[in-house]
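First up is the structure itself, then whatever we jot down about it.
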Amino acid sequence: MNKDLEMDDSNSPGLEMYQLISELYPICRSITGDGVRKTLQIVQHHIPLETYEVPTGTAVYDWLVPKEWNIHDAYVKDQNGHKVIDFQSSNLHILNYSIPIHKTVPLAELKQHLFTLPDYPDWIPYRTSYYEETWGFCLTHHTLQDLTEGDYEVYIDSSLKEGHLTYSEYFIPGSTPDEVLFSCHTCHPSLCNDNLSGIALATYLAKNLSSRSSLRYSYRFIFIPGTIGSITWLSRNEDRIHHIKHGLVIAGVGNSGSLTYKKSRRGNTEIDRAVTHVLQHSGDNYTVNDFSPYGYDERQYCSPGFNLPIGSLTRTPFGTYPEYHTSADNLEFVNQTYLADSFAKYLAIINLLEHNQTYLNTNPKCEPQLGTRGLYTTLGGKQTTPDDRMAILWV
Ligand code: ZN
């Protein structure tokens with residue numbers, strides 16, 4: 001195997017990636033708002049990002065950029081003034097995109113706005129309501145069971161109004177305008193594997209590439225909210241989409257599961273072959289799945305009007321582990337060893353792409369004269385084996 005494909009963990013930034021995740025973990029992110037901005041400002045300490053603000057109401061294909069949501073505080077108090085649900089103790093407690101509210105409601109009415117996980121009664125679920133204006137709280141099932149009849153004070157200090165959708169890019173020019181695109185989502189609150197592991201891996205891959213003296217490809221890293229972010233990005237960059245030759249959606253790269261590659265919709269592009277090759281030669285368990293229109297932002301990149309050569313490389317696929325979209329996707333669920341392993345495999349894929357070239361014969365009419373180039377063995381010349389001779393003749 002080519003030396004560049006070997007996976008060397010000795011200089012891996014596994015610990016640094018984990019530290020970045022820890023720093024970003026407390027921030028309440030959503031598809032818009034200050035949590036995303038704060039997140040991107042922290043990433044900016046590592047790589048120089050170009051940040052864009054797209055106004056609410058901007059038409060992006062069949063969608064509109066939504067109102068901007070920000071949250072400051074939220075709680076539910078019982079009749080004794082005791083906070084039974086408190087946003088300050090976990091930002092997953094708030095239904096993401098909840099409208100502001102302050103009123104007292106009986107338990108029966110409150111329950112219509114509560115979400116729990118009866119199968120995992122100690123975990124808080126992560127729920128959103130981006131496109132339907134409502135309010136709600138997420139809590140452990142145990143807490144729900146402890147709520148007694150009576151009135152509850154519901155307080156949500158949020159804002160949902162005209163504003164912007166925020167996303168960032170980092171472009172690293174190579175020797176050609178042909179681009180490799182890496183995309184990660186930035187819209188989940190305190191969730192480590194789904195969201196933060198992708199941001200951390202993208203950041204450290206970008207750092208690695210920017211320190212190289214020469215690159216064949218140009219590399220573009222985009223940090224966007226899921227779905228609406230990739231739709232917005234595509235609509236604003238349609239004129240240069242043709243530069244994208246390969247790409248990967250980075251997500252869920254910090255947990256203990258083995259790597260899973262979801263192919264591009266075309267299924268046989270160079271990135272599909274490159275990822276499969278690296279996984280095959282890694283000596284580790286892995287899975288390769290065909291494209292399906294459910295998942296992360298590959299859904300938009302591979303939509304029929306673009307059909308880009310972009311797949312998605314994760315560890316355990318989204319939605320197939322119980323911790324997914326719950327408070328159990330926390331700082332214990334990811335660790336530096338798995339982050340380092342994902343980093344090494346992504347790097348091996350990049351190195352493969354950088355070197356995956358075919359030489360073109362510029363002298364195809366008859367054999368070139370080997371002797372004038374010192375390549376033909378004459379009597380008394382250096383010893384060559386029959387294999388060497390045949391190799392040269394085939395070339
Ligand atoms: Zn998610």
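Lettering and numbering for the structure tokens are positional, with chains as A, B, ... in the shown order, residues counted from 1 in each chain, and ligands counted from 1 in the shown order.
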
Skip segment 320-328 of chain A itself and residues of its chain fewer than 4 positions away, then list as a PyMOL selection string all residues within 10 Å of it, counting only C-alpha atoms.
chain A and resi 90-93+116-117+119-120+122-127+138-140+188-194+252+257+316+332-333

Output file for the residues above (N, CA, C and O atoms, as a tab-separated table (two decimals), in the first residue's frame):
```
chain	number	residue	atom	x	y	z
A	90	SER	N	-29.70	22.31	31.49
A	90	SER	CA	-29.43	21.65	30.20
A	90	SER	C	-30.21	22.37	29.12
A	90	SER	O	-31.42	22.56	29.23
A	91	ASN	N	-29.51	22.77	28.05
A	91	ASN	CA	-30.23	23.49	27.00
A	91	ASN	C	-31.12	22.56	26.17
A	91	ASN	O	-31.92	23.01	25.36
A	92	LEU	N	-31.00	21.24	26.39
A	92	LEU	CA	-31.92	20.31	25.71
A	92	LEU	C	-33.33	20.41	26.29
A	92	LEU	O	-34.29	19.94	25.68
A	93	HIS	N	-33.46	21.03	27.49
A	93	HIS	CA	-34.78	21.12	28.12
A	93	HIS	C	-35.77	21.94	27.28
A	93	HIS	O	-36.97	21.75	27.41
A	116	THR	N	-40.71	13.37	26.46
A	116	THR	CA	-39.82	12.51	27.25
A	116	THR	C	-39.49	11.25	26.45
A	116	THR	O	-40.04	11.02	25.37
A	117	LEU	N	-38.61	10.43	27.02
A	117	LEU	CA	-38.24	9.15	26.42
A	117	LEU	C	-38.58	8.04	27.42
A	117	LEU	O	-37.74	7.68	28.25
A	119	ASP	N	-38.59	4.93	27.24
A	119	ASP	CA	-37.65	3.79	27.21
A	119	ASP	C	-36.31	4.12	27.88
A	119	ASP	O	-35.57	3.21	28.24
A	120	TYR	N	-35.97	5.36	27.94
A	120	TYR	CA	-34.72	5.80	28.59
A	120	TYR	C	-35.07	6.91	29.58
A	120	TYR	O	-34.84	8.09	29.32
A	122	ASP	N	-34.00	8.29	32.15
A	122	ASP	CA	-33.05	9.25	32.73
A	122	ASP	C	-32.51	10.23	31.70
A	122	ASP	O	-31.70	11.10	32.04
A	123	TRP	N	-32.90	10.06	30.45
A	123	TRP	CA	-32.34	10.92	29.39
A	123	TRP	C	-33.35	11.98	28.97
A	123	TRP	O	-34.56	11.75	28.98
A	124	ILE	N	-32.82	13.12	28.55
A	124	ILE	CA	-33.65	14.22	28.03
A	124	ILE	C	-33.61	14.13	26.49
A	124	ILE	O	-32.52	14.07	25.92
A	125	PRO	N	-34.76	14.10	25.84
A	125	PRO	CA	-34.72	14.07	24.37
A	125	PRO	C	-34.37	15.45	23.79
A	125	PRO	O	-34.52	16.47	24.47
A	126	TYR	N	-33.93	15.47	22.55
A	126	TYR	CA	-33.69	16.71	21.81
A	126	TYR	C	-34.78	16.82	20.76
A	126	TYR	O	-34.95	15.92	19.93
A	127	ARG	N	-35.58	17.89	20.86
A	127	ARG	CA	-36.68	18.08	19.91
A	127	ARG	C	-36.64	19.51	19.36
A	127	ARG	O	-36.19	20.43	20.05
A	138	CYS	N	-38.47	19.60	27.04
A	138	CYS	CA	-38.05	18.20	27.03
A	138	CYS	C	-37.49	17.89	28.42
A	138	CYS	O	-36.81	18.72	29.02
A	139	LEU	N	-37.76	16.71	28.92
A	139	LEU	CA	-37.34	16.37	30.28
A	139	LEU	C	-37.20	14.86	30.41
A	139	LEU	O	-37.62	14.11	29.52
A	140	THR	N	-36.62	14.45	31.51
A	140	THR	CA	-36.51	13.00	31.73
A	140	THR	C	-37.91	12.46	32.05
A	140	THR	O	-38.75	13.18	32.62
A	188	HIS	N	-27.06	21.86	16.26
A	188	HIS	CA	-27.57	21.14	17.42
A	188	HIS	C	-27.02	21.76	18.70
A	188	HIS	O	-25.87	22.16	18.75
A	189	PRO	N	-27.84	21.79	19.76
A	189	PRO	CA	-27.34	22.34	21.03
A	189	PRO	C	-26.31	21.41	21.67
A	189	PRO	O	-25.38	20.98	20.99
A	190	SER	N	-26.44	21.06	22.92
A	190	SER	CA	-25.44	20.25	23.61
A	190	SER	C	-25.52	18.78	23.21
A	190	SER	O	-26.02	17.94	23.97
A	191	LEU	N	-25.05	18.49	22.02
A	191	LEU	CA	-24.98	17.11	21.54
A	191	LEU	C	-23.58	16.92	20.96
A	191	LEU	O	-23.15	17.71	20.11
A	192	CYS	N	-22.88	15.90	21.42
A	192	CYS	CA	-21.46	15.79	21.09
A	192	CYS	C	-21.17	15.05	19.79
A	192	CYS	O	-20.45	15.53	18.94
A	193	ASN	N	-21.73	13.84	19.67
A	193	ASN	CA	-21.40	13.08	18.48
A	193	ASN	C	-22.09	13.66	17.26
A	193	ASN	O	-21.47	13.93	16.23
A	194	ASP	N	-23.41	13.85	17.39
A	194	ASP	CA	-24.19	14.43	16.30
A	194	ASP	C	-24.01	15.94	16.35
A	194	ASP	O	-24.67	16.62	17.14
A	252	GLY	N	-21.10	12.63	13.20
A	252	GLY	CA	-21.08	11.42	14.02
A	252	GLY	C	-19.77	10.65	13.96
A	252	GLY	O	-19.76	9.46	13.70
A	257	GLY	N	-18.58	3.22	17.61
A	257	GLY	CA	-18.97	2.36	16.50
A	257	GLY	C	-17.96	2.39	15.37
A	257	GLY	O	-17.16	3.32	15.25
A	316	THR	N	-21.23	5.10	13.80
A	316	THR	CA	-22.57	4.49	13.81
A	316	THR	C	-23.56	5.42	13.10
A	316	THR	O	-23.61	6.62	13.42
A	332	GLU	N	-19.23	12.02	27.54
A	332	GLU	CA	-18.76	10.64	27.79
A	332	GLU	C	-19.00	9.75	26.56
A	332	GLU	O	-18.37	8.70	26.44
A	333	PHE	N	-19.91	10.15	25.70
A	333	PHE	CA	-20.27	9.30	24.56
A	333	PHE	C	-19.20	9.36	23.46
A	333	PHE	O	-19.08	8.44	22.66
```

Residues at most 10 Å from segment 72-78 of chain A, counting only C-alpha atoms, excluding those fewer than 2 positions away in the same chain, as a PyMOL selection string?
chain A and resi 28+70+80-89+91+93-94+98+100-104+107+110+137+147-159

Save out the residues we just selected, N, CA, C and O atoms, as a compact mmCIF listing (two decimals), in the first residue's frame.
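For reference, part_31.txt as written:
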```txt
# COMPACT_ATOMS: atom_id res chain seq x y z
N CYS A 28 -25.96 26.75 23.43
CA CYS A 28 -27.25 26.36 22.85
C CYS A 28 -27.32 26.83 21.41
O CYS A 28 -27.54 28.00 21.12
N ASN A 70 -33.45 33.09 19.23
CA ASN A 70 -32.48 33.19 20.31
C ASN A 70 -33.18 32.88 21.63
O ASN A 70 -34.37 33.16 21.79
N ASN A 80 -44.93 25.78 44.45
CA ASN A 80 -44.05 26.22 45.54
C ASN A 80 -42.91 27.11 45.04
O ASN A 80 -42.00 27.44 45.80
N GLY A 81 -42.95 27.42 43.74
CA GLY A 81 -41.88 28.25 43.18
C GLY A 81 -40.61 27.47 42.89
O GLY A 81 -39.56 28.05 42.59
N HIS A 82 -40.71 26.16 42.95
CA HIS A 82 -39.54 25.31 42.70
C HIS A 82 -39.42 25.02 41.20
O HIS A 82 -40.40 24.62 40.57
N LYS A 83 -38.24 25.24 40.63
CA LYS A 83 -38.05 24.98 39.19
C LYS A 83 -37.99 23.48 38.94
O LYS A 83 -37.03 22.82 39.33
N VAL A 84 -39.02 22.94 38.30
CA VAL A 84 -39.01 21.50 38.02
C VAL A 84 -38.34 21.21 36.68
O VAL A 84 -37.88 20.08 36.44
N ILE A 85 -38.28 22.21 35.81
CA ILE A 85 -37.50 22.11 34.57
C ILE A 85 -36.75 23.42 34.44
O ILE A 85 -37.34 24.49 34.57
N ASP A 86 -35.44 23.33 34.18
CA ASP A 86 -34.62 24.55 34.15
C ASP A 86 -33.65 24.49 32.97
O ASP A 86 -32.75 23.65 32.92
N PHE A 87 -33.86 25.40 32.02
CA PHE A 87 -32.99 25.52 30.85
C PHE A 87 -31.52 25.67 31.24
O PHE A 87 -30.63 25.20 30.54
N GLN A 88 -31.29 26.32 32.39
CA GLN A 88 -29.89 26.58 32.79
C GLN A 88 -29.15 25.29 33.13
O GLN A 88 -27.92 25.25 33.08
N SER A 89 -29.87 24.23 33.45
CA SER A 89 -29.17 22.99 33.79
C SER A 89 -28.92 22.12 32.56
O SER A 89 -28.03 21.27 32.57
N ASN A 91 -29.51 22.77 28.05
CA ASN A 91 -30.23 23.49 27.00
C ASN A 91 -31.12 22.56 26.17
O ASN A 91 -31.92 23.01 25.36
N HIS A 93 -33.46 21.03 27.49
CA HIS A 93 -34.78 21.12 28.12
C HIS A 93 -35.77 21.94 27.28
O HIS A 93 -36.97 21.75 27.41
N ILE A 94 -35.27 22.85 26.47
CA ILE A 94 -36.20 23.68 25.70
C ILE A 94 -36.44 23.07 24.32
O ILE A 94 -35.51 22.60 23.67
N SER A 98 -38.72 27.28 20.40
CA SER A 98 -39.92 27.65 21.17
C SER A 98 -40.15 29.16 21.14
O SER A 98 -39.20 29.94 21.30
N PRO A 100 -41.62 32.78 22.71
CA PRO A 100 -41.63 33.29 24.08
C PRO A 100 -43.01 33.13 24.71
O PRO A 100 -44.02 33.25 24.02
N ILE A 101 -43.01 32.85 25.99
CA ILE A 101 -44.28 32.67 26.69
C ILE A 101 -44.05 32.88 28.18
O ILE A 101 -42.96 32.61 28.69
N HIS A 102 -45.07 33.39 28.86
CA HIS A 102 -45.02 33.46 30.32
C HIS A 102 -46.46 33.37 30.82
O HIS A 102 -47.22 34.33 30.74
N LYS A 103 -46.84 32.20 31.29
CA LYS A 103 -48.20 32.04 31.79
C LYS A 103 -48.27 30.86 32.75
O LYS A 103 -47.32 30.08 32.86
N THR A 104 -49.39 30.77 33.43
CA THR A 104 -49.59 29.67 34.37
C THR A 104 -50.62 28.72 33.77
O THR A 104 -51.67 29.16 33.28
N LEU A 107 -51.54 21.22 34.97
CA LEU A 107 -50.67 20.12 34.54
C LEU A 107 -51.12 19.50 33.22
O LEU A 107 -50.28 19.21 32.36
N LEU A 110 -50.00 21.64 30.46
CA LEU A 110 -48.53 21.60 30.38
C LEU A 110 -48.06 20.32 29.68
O LEU A 110 -47.16 20.35 28.84
N PHE A 137 -41.17 21.80 26.26
CA PHE A 137 -40.02 21.43 27.09
C PHE A 137 -39.73 19.95 26.93
O PHE A 137 -40.64 19.14 26.75
N LEU A 147 -44.31 14.84 38.48
CA LEU A 147 -45.12 16.06 38.49
C LEU A 147 -46.50 15.76 39.07
O LEU A 147 -47.17 14.80 38.65
N THR A 148 -46.92 16.59 40.02
CA THR A 148 -48.22 16.38 40.67
C THR A 148 -49.25 17.35 40.09
O THR A 148 -48.88 18.36 39.46
N GLU A 149 -50.53 17.05 40.30
CA GLU A 149 -51.60 17.92 39.83
C GLU A 149 -51.43 19.33 40.39
O GLU A 149 -50.94 19.49 41.52
N GLY A 150 -51.85 20.32 39.62
CA GLY A 150 -51.73 21.69 40.09
C GLY A 150 -51.35 22.61 38.95
O GLY A 150 -51.28 22.18 37.78
N ASP A 151 -51.11 23.87 39.28
CA ASP A 151 -50.75 24.86 38.26
C ASP A 151 -49.23 25.01 38.18
O ASP A 151 -48.53 24.90 39.20
N TYR A 152 -48.76 25.31 37.00
CA TYR A 152 -47.32 25.47 36.77
C TYR A 152 -47.08 26.79 36.03
O TYR A 152 -47.80 27.13 35.10
N GLU A 153 -46.04 27.47 36.47
CA GLU A 153 -45.63 28.71 35.79
C GLU A 153 -44.65 28.35 34.68
O GLU A 153 -43.62 27.74 34.92
N VAL A 154 -45.03 28.72 33.46
CA VAL A 154 -44.19 28.43 32.30
C VAL A 154 -43.54 29.72 31.84
O VAL A 154 -44.24 30.72 31.61
N TYR A 155 -42.23 29.73 31.73
CA TYR A 155 -41.52 30.96 31.34
C TYR A 155 -40.49 30.61 30.26
O TYR A 155 -39.62 29.77 30.48
N ILE A 156 -40.64 31.23 29.12
CA ILE A 156 -39.64 31.06 28.05
C ILE A 156 -39.24 32.45 27.57
O ILE A 156 -40.05 33.19 27.01
N ASP A 157 -37.99 32.81 27.85
CA ASP A 157 -37.47 34.10 27.41
C ASP A 157 -36.68 33.86 26.12
O ASP A 157 -35.47 33.68 26.13
N SER A 158 -37.42 33.81 25.02
CA SER A 158 -36.78 33.58 23.72
C SER A 158 -37.22 34.69 22.78
O SER A 158 -38.12 35.47 23.10
N SER A 159 -36.59 34.77 21.63
CA SER A 159 -37.08 35.68 20.59
C SER A 159 -37.07 34.94 19.27
O SER A 159 -36.17 34.14 18.99
```

Between A:Cys187, A:Ile71, A:Ile31, A:Leu234, which has the minimum distance to ligand 1 (counting only C-alpha atoms and all ligand atoms)?
A:Cys187

Skip Asn307 of chain A itself and residues of its chain fewer than 6 positions away, then list as a ChimeraX atom specification all residues within 8 Å of it, counting only C-alpha atoms.
/A:265-266,301

Residue selection dump (C-alpha atoms) as a PDB file, in the first residue's frame:
```pdb
ATOM      1  CA  ARG A 265     -26.297   8.936  -5.168  1.00  0.00           C
ATOM      2  CA  ARG A 266     -24.214   8.190  -8.286  1.00  0.00           C
ATOM      3  CA  TYR A 301     -25.897  17.814  -2.456  1.00  0.00           C
TER       4      TYR A 301
END
```

Considering only C-alpha atoms and all ligand atoms, can you say which of A:Gly374, A:Gly305, A:Ser218, A:Ser30 comes closest to ligand 1?
A:Ser30

Residue set, segment 6-220 of chain A restricted to strand (DSSP E or B), as a VMD selection string
chain A and resid 50 to 55 59 to 60 63 to 64 68 to 77 83 to 86 94 96 101 to 106 114 to 115 125 128 137 to 138 151 to 161 164 to 172 179 to 185 218 to 220

From a DSSP pass on the backbone, collect the residues of segment 178-337 of chain A flagged as helix (DSSP H, G or I) and hand them back as a PyMOL selection string.
chain A and resi 192-210+228-236+238-243+270-280+298-301+336-337

Output file for the residues above (N, CA and C atoms, as a compact mmCIF listing (two decimals), in the first residue's frame):
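Everything below was put into selection_18.txt:
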```txt
# COMPACT_ATOMS: atom_id res chain seq x y z
N CYS A 192 -22.88 15.90 21.42
CA CYS A 192 -21.46 15.79 21.09
C CYS A 192 -21.17 15.05 19.79
N ASN A 193 -21.73 13.84 19.67
CA ASN A 193 -21.40 13.08 18.48
C ASN A 193 -22.09 13.66 17.26
N ASP A 194 -23.41 13.85 17.39
CA ASP A 194 -24.19 14.43 16.30
C ASP A 194 -24.01 15.94 16.35
N ASN A 195 -23.09 16.44 15.59
CA ASN A 195 -22.90 17.88 15.54
C ASN A 195 -21.44 18.21 15.89
N LEU A 196 -21.10 18.16 17.19
CA LEU A 196 -19.80 18.72 17.59
C LEU A 196 -18.62 17.91 17.09
N SER A 197 -18.77 16.58 16.99
CA SER A 197 -17.63 15.78 16.50
C SER A 197 -17.32 16.16 15.05
N GLY A 198 -18.35 16.43 14.27
CA GLY A 198 -18.14 16.83 12.87
C GLY A 198 -17.47 18.18 12.76
N ILE A 199 -17.90 19.12 13.62
CA ILE A 199 -17.28 20.45 13.61
C ILE A 199 -15.80 20.33 13.98
N ALA A 200 -15.52 19.52 15.01
CA ALA A 200 -14.13 19.37 15.46
C ALA A 200 -13.27 18.70 14.39
N LEU A 201 -13.79 17.67 13.76
CA LEU A 201 -13.01 16.97 12.74
C LEU A 201 -12.76 17.88 11.54
N ALA A 202 -13.79 18.60 11.11
CA ALA A 202 -13.62 19.52 9.98
C ALA A 202 -12.56 20.58 10.31
N THR A 203 -12.60 21.09 11.53
CA THR A 203 -11.65 22.13 11.94
C THR A 203 -10.21 21.61 11.87
N TYR A 204 -10.00 20.40 12.40
CA TYR A 204 -8.63 19.88 12.45
C TYR A 204 -8.15 19.34 11.11
N LEU A 205 -9.07 18.88 10.26
CA LEU A 205 -8.66 18.53 8.89
C LEU A 205 -8.22 19.79 8.16
N ALA A 206 -8.99 20.85 8.33
CA ALA A 206 -8.66 22.11 7.67
C ALA A 206 -7.31 22.64 8.15
N LYS A 207 -7.08 22.53 9.45
CA LYS A 207 -5.79 22.95 10.00
C LYS A 207 -4.65 22.16 9.37
N ASN A 208 -4.85 20.84 9.27
CA ASN A 208 -3.82 19.98 8.70
C ASN A 208 -3.52 20.38 7.25
N LEU A 209 -4.58 20.56 6.47
CA LEU A 209 -4.40 20.87 5.04
C LEU A 209 -3.76 22.24 4.85
N SER A 210 -4.15 23.20 5.70
CA SER A 210 -3.62 24.55 5.51
C SER A 210 -2.14 24.63 5.84
N ILE A 228 -31.53 23.43 5.95
CA ILE A 228 -31.72 24.79 5.42
C ILE A 228 -30.36 25.42 5.09
N GLY A 229 -29.31 25.01 5.80
CA GLY A 229 -27.98 25.56 5.53
C GLY A 229 -27.42 25.09 4.21
N SER A 230 -27.52 23.81 3.93
CA SER A 230 -26.97 23.32 2.65
C SER A 230 -27.83 23.82 1.49
N ILE A 231 -29.14 23.93 1.71
CA ILE A 231 -30.01 24.47 0.66
C ILE A 231 -29.63 25.93 0.38
N THR A 232 -29.42 26.67 1.45
CA THR A 232 -29.02 28.08 1.30
C THR A 232 -27.66 28.18 0.61
N TRP A 233 -26.72 27.38 1.05
CA TRP A 233 -25.37 27.43 0.47
C TRP A 233 -25.41 27.08 -1.02
N LEU A 234 -26.14 26.03 -1.37
CA LEU A 234 -26.22 25.63 -2.78
C LEU A 234 -26.85 26.75 -3.61
N SER A 235 -27.89 27.37 -3.08
CA SER A 235 -28.57 28.40 -3.87
C SER A 235 -27.69 29.62 -4.09
N ARG A 236 -26.77 29.88 -3.16
CA ARG A 236 -25.89 31.04 -3.30
C ARG A 236 -24.59 30.72 -4.05
N GLU A 238 -24.45 28.27 -6.76
CA GLU A 238 -24.75 27.38 -7.89
C GLU A 238 -23.77 27.57 -9.05
N ASP A 239 -23.29 28.80 -9.24
CA ASP A 239 -22.40 29.07 -10.39
C ASP A 239 -21.02 28.45 -10.23
N ARG A 240 -20.65 28.03 -9.04
CA ARG A 240 -19.33 27.39 -8.94
C ARG A 240 -19.37 25.96 -8.41
N ILE A 241 -20.56 25.39 -8.43
CA ILE A 241 -20.72 23.99 -8.02
C ILE A 241 -19.89 23.04 -8.90
N HIS A 242 -19.70 23.46 -10.17
CA HIS A 242 -19.00 22.56 -11.11
C HIS A 242 -17.54 22.33 -10.70
N HIS A 243 -17.00 23.17 -9.81
CA HIS A 243 -15.62 22.94 -9.36
C HIS A 243 -15.52 21.75 -8.39
N GLU A 270 -15.35 8.74 -7.84
CA GLU A 270 -14.01 8.54 -7.28
C GLU A 270 -14.04 8.58 -5.75
N ILE A 271 -14.85 9.48 -5.17
CA ILE A 271 -14.90 9.54 -3.70
C ILE A 271 -15.48 8.23 -3.14
N ASP A 272 -16.45 7.66 -3.84
CA ASP A 272 -17.02 6.39 -3.37
C ASP A 272 -15.95 5.30 -3.38
N ARG A 273 -15.15 5.28 -4.45
CA ARG A 273 -14.11 4.26 -4.55
C ARG A 273 -12.98 4.53 -3.55
N ALA A 274 -12.65 5.82 -3.37
CA ALA A 274 -11.54 6.17 -2.46
C ALA A 274 -11.90 5.79 -1.02
N VAL A 275 -13.09 6.14 -0.59
CA VAL A 275 -13.47 5.84 0.81
C VAL A 275 -13.52 4.32 1.01
N THR A 276 -14.13 3.62 0.05
CA THR A 276 -14.23 2.17 0.17
C THR A 276 -12.84 1.53 0.23
N HIS A 277 -11.93 2.03 -0.59
CA HIS A 277 -10.57 1.50 -0.61
C HIS A 277 -9.88 1.70 0.75
N VAL A 278 -9.98 2.90 1.29
CA VAL A 278 -9.33 3.18 2.58
C VAL A 278 -9.93 2.29 3.68
N LEU A 279 -11.25 2.15 3.68
CA LEU A 279 -11.88 1.32 4.72
C LEU A 279 -11.48 -0.15 4.55
N GLN A 280 -11.47 -0.61 3.31
CA GLN A 280 -11.09 -2.01 3.03
C GLN A 280 -9.69 -2.32 3.53
N GLU A 298 -26.04 15.42 2.64
CA GLU A 298 -25.87 14.74 1.35
C GLU A 298 -27.19 14.67 0.59
N ARG A 299 -28.31 14.73 1.32
CA ARG A 299 -29.62 14.72 0.67
C ARG A 299 -29.74 15.89 -0.31
N GLN A 300 -29.22 17.05 0.09
CA GLN A 300 -29.31 18.23 -0.79
C GLN A 300 -28.23 18.18 -1.87
N TYR A 301 -27.00 17.83 -1.48
CA TYR A 301 -25.90 17.81 -2.46
C TYR A 301 -26.15 16.79 -3.57
N GLN A 336 -11.42 10.73 22.55
CA GLN A 336 -10.34 11.14 21.65
C GLN A 336 -9.82 9.98 20.78
N THR A 337 -9.93 8.75 21.27
CA THR A 337 -9.44 7.62 20.48
C THR A 337 -10.25 7.48 19.18
```

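Remark: for Glu50 of chain A, the closest of the candidate residues A:Lys365, A:Lys111, A:Arg389, A:Arg220 is A:Arg220 (distances computed over only C-alpha atoms).
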
As a list in words, please: the residues near segment 357-363 of chain A (cut-off 12 Å, only C-alpha atoms, same-chain neighbours under 2 positions excluded).
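Near neighbours after the sequence-gap exclusion: Arg216, Tyr217, Glu270, Asn351, Leu352, Leu353, Glu354, His355, Lys365, Cys366, Glu367, Pro368, Gln369, Trp394 and Val395 of chain A.
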
Nearest residue to Asn335 of chain A out of A:Ala391, A:Ile350, A:Leu49, A:Val253, using only C-alpha atoms?
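Residue with the minimum atom-to-atom distance to Asn335 of chain A: A:Val253.
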
Can you work out the spacing between atom CA of Gly247 of chain A and atom CA of Phe182 of chain A in Å, to one decimal?
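For atom CA of Gly247 of chain A relative to atom CA of Phe182 of chain A, the distance reads 5.7 Å.
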